[in-house]
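Okay, target31.cif now, which holds mmCIF, C-alpha atoms:
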```
data_target
loop_
_atom_site.label_atom_id
_atom_site.label_comp_id
_atom_site.auth_asym_id
_atom_site.auth_seq_id
_atom_site.Cartn_x
_atom_site.Cartn_y
_atom_site.Cartn_z
CA MET A 1 223.82 -26.92 62.44
CA ILE A 2 223.50 -23.21 63.11
CA ILE A 3 221.32 -22.57 66.12
CA LYS A 4 218.85 -19.82 65.37
CA ALA A 5 217.85 -17.99 68.51
CA ILE A 6 214.99 -15.57 68.72
CA THR A 7 214.59 -13.43 71.82
CA LEU A 8 210.94 -12.61 72.33
CA MET A 9 209.61 -9.43 73.88
CA ALA A 10 206.75 -9.77 76.35
CA PHE A 11 203.33 -9.65 74.71
CA GLY A 12 201.63 -6.28 75.03
CA LEU A 13 198.26 -7.79 75.91
CA ILE A 14 199.43 -10.81 77.92
CA VAL A 15 201.10 -10.37 81.29
CA SER A 16 202.45 -13.24 83.34
CA GLY A 17 201.17 -13.63 86.88
CA CYS A 18 202.42 -15.06 90.13
CA GLY A 19 200.18 -18.08 90.44
CA LYS A 20 200.72 -21.74 91.12
CA TYR A 21 202.87 -22.36 88.03
CA PRO A 22 205.34 -19.42 87.74
CA ILE A 23 206.92 -18.86 84.34
CA ASN A 24 210.70 -18.54 84.10
CA ASN A 25 211.52 -15.88 81.50
CA THR A 26 215.28 -16.48 81.37
CA LEU A 27 215.66 -20.10 80.21
CA SER A 28 215.64 -21.38 76.65
CA ALA A 29 212.62 -22.97 75.04
CA TYR A 30 213.08 -25.52 72.26
CA LEU A 31 210.55 -25.53 69.41
CA PHE A 32 210.00 -28.69 67.36
CA ASN A 33 206.87 -27.89 65.31
CA GLU A 34 207.56 -26.13 62.01
CA SER A 35 204.34 -24.10 61.94
CA LEU A 36 204.94 -22.88 65.49
CA ILE A 37 208.48 -21.86 64.56
CA ALA A 38 207.12 -19.82 61.65
CA ASP A 39 204.59 -18.12 63.92
CA TYR A 40 207.31 -17.11 66.37
CA GLN A 41 209.41 -15.68 63.58
CA ASP A 42 206.58 -13.23 62.81
CA LEU A 43 205.02 -12.84 66.22
CA ASN A 44 203.06 -9.63 65.64
CA ARG A 45 201.45 -11.08 62.52
CA SER A 46 200.60 -14.29 64.36
CA LEU A 47 198.84 -12.47 67.19
CA LYS A 48 196.74 -10.39 64.80
CA LYS A 49 196.18 -12.98 62.05
CA ARG A 50 192.50 -13.48 61.28
CA ARG A 51 191.28 -16.99 62.06
CA ILE A 52 187.94 -18.77 61.86
CA GLU A 53 185.68 -17.23 64.48
CA ILE A 54 184.88 -19.18 67.65
CA SER A 55 182.47 -18.34 70.47
CA PHE A 56 182.72 -18.33 74.26
CA THR A 57 180.19 -19.03 76.98
CA SER A 58 180.35 -15.31 77.82
CA GLY A 59 178.68 -14.58 74.48
CA GLU A 60 181.85 -13.07 73.02
CA SER A 61 183.31 -14.25 69.70
CA VAL A 62 186.94 -13.90 68.63
CA ASN A 63 188.89 -14.31 65.41
CA ASN A 64 192.54 -13.69 66.38
CA CYS A 65 195.10 -14.78 68.97
CA ALA A 66 195.23 -11.54 70.94
CA ASP A 67 191.47 -11.51 71.57
CA TYR A 68 191.39 -15.27 72.16
CA LEU A 69 194.07 -15.13 74.86
CA ALA A 70 192.27 -12.32 76.62
CA GLU A 71 188.87 -14.05 76.51
CA ILE A 72 190.03 -17.57 77.45
CA LYS A 73 191.18 -16.19 80.81
CA LYS A 74 187.63 -15.01 81.56
CA SER A 75 185.32 -17.69 80.12
CA ASN A 76 185.19 -21.07 78.41
CA ILE A 77 184.89 -21.99 74.75
CA PHE A 78 181.27 -22.65 73.85
CA ASP A 79 180.62 -26.39 73.49
CA GLY A 80 179.57 -26.88 69.89
CA ILE A 81 180.75 -28.97 66.94
CA ASN A 82 182.04 -26.05 64.87
CA ASN A 83 183.72 -24.44 67.87
CA THR A 84 185.43 -27.71 68.75
CA ILE A 85 186.74 -28.19 65.23
CA HIS A 86 187.86 -24.59 64.76
CA HIS A 87 189.61 -24.59 68.13
CA GLY A 88 192.49 -26.27 66.28
CA GLU A 89 193.34 -22.88 64.73
CA TYR A 90 193.97 -21.46 68.20
CA LEU A 91 196.44 -24.05 69.52
CA THR A 92 199.22 -21.82 68.20
CA CYS A 93 197.84 -18.97 70.32
CA GLU A 94 198.00 -21.15 73.43
CA ALA A 95 201.61 -22.14 72.71
CA LEU A 96 202.56 -18.49 72.22
CA ASP A 97 201.04 -17.72 75.60
CA LEU A 98 202.85 -20.57 77.38
CA LEU A 99 206.22 -19.58 75.91
CA LYS A 100 205.92 -15.81 76.11
CA SER A 101 209.17 -14.00 76.92
CA HIS A 102 211.25 -17.19 76.79
CA ASN A 103 214.41 -17.32 74.71
CA ILE A 104 213.48 -19.47 71.73
CA THR A 105 215.72 -21.78 69.74
CA THR A 106 214.69 -23.85 66.73
CA SER A 107 217.52 -26.33 67.22
CA LYS A 108 216.01 -29.75 67.93
CA GLN A 109 217.05 -31.69 70.96
CA LYS A 110 217.83 -35.31 70.14
CA ALA A 111 215.46 -36.85 72.65
CA SER A 112 213.02 -39.72 72.26
CA TYR A 113 210.04 -37.89 73.69
CA GLY A 114 207.60 -40.11 71.80
CA GLU A 115 209.01 -43.30 73.25
CA ARG A 116 208.98 -41.92 76.77
CA LEU A 117 205.42 -40.63 76.55
CA SER A 118 204.17 -43.92 75.09
CA SER A 119 205.15 -45.75 78.27
CA THR A 120 204.76 -43.07 80.97
CA LEU A 121 202.00 -40.58 80.03
CA ASP A 122 198.89 -41.39 82.06
CA LEU A 123 195.96 -41.10 79.63
CA ARG A 124 193.56 -40.77 82.56
CA SER A 125 195.11 -37.47 83.67
CA PHE A 126 193.46 -35.30 80.98
CA PRO A 127 190.12 -35.31 79.11
CA SER A 128 190.02 -37.27 75.84
CA SER A 129 188.11 -40.01 74.06
CA MET A 130 190.42 -42.64 75.59
CA ASN A 131 189.71 -41.99 79.28
CA GLN A 132 187.29 -44.86 79.71
CA GLU A 133 189.38 -47.27 77.64
CA ALA A 134 192.47 -46.40 79.66
CA GLN A 135 190.67 -47.24 82.88
CA VAL A 136 190.10 -50.80 81.66
CA TYR A 137 192.87 -51.75 79.24
CA GLY A 138 195.91 -49.76 80.37
CA LYS A 139 196.73 -46.23 81.38
CA VAL A 140 199.53 -45.67 78.81
CA LEU A 141 199.38 -46.02 75.03
CA LYS A 142 202.14 -48.61 74.79
CA SER A 143 200.24 -51.08 76.93
CA LEU A 144 196.76 -50.13 75.74
CA ASP A 145 197.22 -50.67 71.99
CA PRO A 146 200.82 -51.33 70.87
CA GLU A 147 199.78 -52.83 67.53
CA ASN A 148 198.17 -49.62 66.26
CA LEU A 149 200.77 -47.27 67.71
CA LYS A 150 203.38 -45.36 65.69
CA ILE A 151 206.17 -43.65 67.62
CA SER A 152 208.75 -41.07 66.57
CA ASN A 153 210.96 -38.65 68.51
CA TYR A 154 208.18 -36.08 68.73
CA THR A 155 204.91 -37.88 67.98
CA LEU A 156 202.65 -40.66 69.19
CA ILE A 157 199.91 -41.74 66.79
CA ARG A 158 197.30 -44.38 67.47
CA GLU A 159 195.22 -44.95 64.33
CA THR A 160 192.46 -47.53 63.88
CA ASP A 161 189.77 -47.98 61.23
CA ASP A 162 187.48 -45.51 62.96
CA TRP A 163 189.71 -43.26 65.06
CA ILE A 164 192.90 -41.21 65.04
CA TYR A 165 194.56 -40.14 68.28
CA SER A 166 197.71 -38.09 67.80
CA ILE A 167 200.02 -36.51 70.38
CA GLU A 168 202.81 -34.20 69.21
CA VAL A 169 205.54 -32.68 71.37
CA ILE A 170 205.76 -29.15 70.00
CA ALA A 171 208.09 -27.51 72.53
CA ALA A 172 210.10 -28.01 75.71
CA SER A 173 210.96 -25.41 78.32
CA ASP A 174 211.00 -24.93 82.08
CA LEU A 175 207.43 -23.76 82.62
CA ASN A 176 207.18 -24.42 86.36
CA ASN A 177 210.58 -22.98 87.30
CA ASP A 178 212.03 -26.16 88.82
CA GLY A 179 215.10 -26.45 86.60
CA THR A 180 213.72 -29.20 84.34
CA ASN A 181 212.37 -28.70 80.82
CA ASP A 182 208.63 -29.45 80.72
CA LEU A 183 206.78 -30.53 77.58
CA ILE A 184 204.05 -28.80 75.60
CA LEU A 185 201.87 -31.19 73.59
CA TRP A 186 199.17 -30.86 70.96
CA LEU A 187 196.49 -33.54 71.06
CA HIS A 188 194.36 -34.28 68.00
CA ASP A 189 191.51 -36.64 68.89
CA GLN A 190 189.12 -37.48 66.05
CA SER A 191 186.46 -39.98 65.07
CA LYS A 192 186.72 -40.84 61.37
CA ASN A 193 183.04 -41.69 61.11
CA GLY A 194 181.37 -39.19 63.42
CA ASN A 195 181.34 -35.65 64.73
CA TYR A 196 183.84 -36.07 67.57
CA HIS A 197 186.80 -33.86 66.73
CA ALA A 198 188.89 -32.32 69.53
CA TYR A 199 192.09 -30.32 69.72
CA THR A 200 193.85 -29.73 73.02
CA THR A 201 197.08 -28.11 74.22
CA LEU A 202 198.59 -30.03 77.13
CA VAL A 203 201.42 -29.24 79.54
CA VAL A 204 203.42 -32.15 80.98
CA PRO A 205 205.52 -31.05 83.97
CA LEU A 206 208.69 -33.10 84.37
CA TYR A 207 209.60 -33.25 88.04
CA ASN A 208 213.09 -34.79 88.15
CA ASN A 209 212.02 -37.63 85.85
CA GLU A 210 209.28 -38.84 88.18
CA GLU A 211 206.67 -41.15 86.67
CA PRO A 212 203.91 -41.56 85.69
CA LEU A 213 203.70 -38.34 83.71
CA LEU A 214 200.51 -36.33 84.08
CA ALA A 215 199.21 -33.86 81.49
CA ILE A 216 197.43 -30.62 82.37
CA PRO A 217 195.14 -28.94 79.79
CA TYR A 218 196.16 -25.43 78.79
CA SER A 219 193.00 -23.85 80.19
CA GLU A 220 193.71 -25.30 83.64
CA TRP A 221 197.41 -24.45 83.51
CA GLN A 222 196.93 -20.82 82.54
CA ARG A 223 194.28 -20.27 85.23
CA ASN A 224 196.92 -21.24 87.81
CA SER A 225 199.88 -19.44 86.23
CA THR A 226 198.68 -16.12 84.80
CA THR A 227 196.69 -13.11 85.87
CA LEU A 228 195.11 -10.79 83.34
CA HIS A 229 196.00 -7.20 84.21
#
```

Would you write out, as structure tokens, the structure that this file holds?
Amino acid sequence: MIIKAITLMAFGLIVSGCGKYPINNTLSAYLFNESLIADYQDLNRSLKKRRIEISFTSGESVNNCADYLAEIKKSNIFDGINNTIHHGEYLTCEALDLLKSHNITTSKQKASYGERLSSTLDLRSFPSSMNQEAQVYGKVLKSLDPENLKISNYTLIRETDDWIYSIEVIAASDLNNDGTNDLILWLHDQSKNGNYHAYTTLVVPLYNNEEPLLAIPYSEWQRNSTTLH
């Protein structure tokens, strides 16, 4: 397989900071999600592409990645049903921010990320519909509900009659500058019969294969790793 490498220039509107989670701009990042790969291949278009408008607690509304990434560093997304649903359109923006200036390759690593996350990712470490259930029945998906769990190299999907809970590993790169590739996940958490519908970008730092694995929401990660100049 020919490895296609894309060297990214730093975003004009997004500047990395010197916070708690420093970004290493010299190592390779591996992309596994096809839509994210396409967005990187046309980065300028992706940053400016018009998306469904969402609102922030500051009163500002945005409809593209560049404005979203500037506003998310200053305020929170307004808590409303439409905003929550349409936030899914901006997960790509968050991934672009996390991987800015890294050297990108679309060659897939042959690693069983799904299997590892099913048995080591602590569901209590990040907000989701399963927090309370994980407190009682098991903190990892493999012990909580193995019968309704589907695992692949890059995905974990728990689907029941009334709920779908999907975790996808979209990229891997050294985000905390410790020499180990960390994981970037997209969580899709949805009630089939109600209004609960959440999308979240998560960062899972891998510290020398220590377990359990803890996930950090994008909004928390970027507040500790970037400074808007």

For the structure shown, which residues end up in the PyMOL selection byres ((chain A and resi 116) around 10)? Put them as a ChimeraX atom specification, please?
/A:111-115,117-121,142,151,153-154,156,213

Evaluated on this file, the PyMOL selection byres ((chain A and resi 42-55) around 8) picks out some residues - which ones are they, written as a ChimeraX atom specification?
/A:38-41,56-57,59-66,77-78,82-83,86-87,89,93

Edge lengths and centre in Å to one decimal, as AutoDock Vina command-line options, of the axis-aligned box that encloses all listed atoms of segment 202-207 of chain A with 5 Å added on every side?
```
--center_x 204.1 --center_y -31.2 --center_z 82.6 --size_x 21.0 --size_y 14.0 --size_z 20.9
```

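The coordinates place atom CA of Val169 of chain A at 17.2 Å from atom CA of Tyr207 of chain A.
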
Distance atom CA of Ile157 of chain A-atom CA of Ile72 of chain A, one decimal place?
28.2 Å

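Our summary of the geometry notes that atom CA of Arg223 of chain A is positioned 28.7 Å from atom CA of Asn195 of chain A.
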
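What the PyMOL selection byres ((chain A and resi 125) around 6) grabs from this file is Asp122, Leu123, Arg124, Phe126, Leu214 and Ala215 of chain A.
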
Which neighbours of Trp163 of chain A fall inside 7 Å, counting all atoms listed in the file, when residues of the same chain fewer than 6 positions from it are skipped, and could you give them as a PyMOL selection string?
chain A and resi 190-192

Take the selection from the previous step and output its residues with C-alpha atoms, as a PDB file, in the frame of the given file.
```
ATOM      1  CA  GLN A 190     189.120 -37.480  66.050  1.00  0.00           C
ATOM      2  CA  SER A 191     186.460 -39.980  65.070  1.00  0.00           C
ATOM      3  CA  LYS A 192     186.720 -40.840  61.370  1.00  0.00           C
TER       4      LYS A 192
END
```

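Counting only C-alpha atoms, the residue from A:Tyr68, A:Tyr196, A:Trp221, A:Phe32 that sits nearest to Ser128 of chain A is A:Tyr196.
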
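Neighbourhood of point (198.4, -55.6, 64.7): residues with an atom at most 12 Å away, counting all atoms listed in the file, are Asp145, Pro146, Glu147, Asn148, Leu149, Lys150, Arg158, Glu159 and Thr160 of chain A.
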
Include C-alpha atoms and write out the residues we just selected as a PDB file, keeping the file's coordinate frame.
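Output file result_13.pdb follows:
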```pdb
ATOM      1  CA  ASP A 145     197.220 -50.670  71.990  1.00  0.00           C
ATOM      2  CA  PRO A 146     200.820 -51.330  70.870  1.00  0.00           C
ATOM      3  CA  GLU A 147     199.780 -52.830  67.530  1.00  0.00           C
ATOM      4  CA  ASN A 148     198.170 -49.620  66.260  1.00  0.00           C
ATOM      5  CA  LEU A 149     200.770 -47.270  67.710  1.00  0.00           C
ATOM      6  CA  LYS A 150     203.380 -45.360  65.690  1.00  0.00           C
ATOM      7  CA  ARG A 158     197.300 -44.380  67.470  1.00  0.00           C
ATOM      8  CA  GLU A 159     195.220 -44.950  64.330  1.00  0.00           C
ATOM      9  CA  THR A 160     192.460 -47.530  63.880  1.00  0.00           C
TER      10      THR A 160
END
```
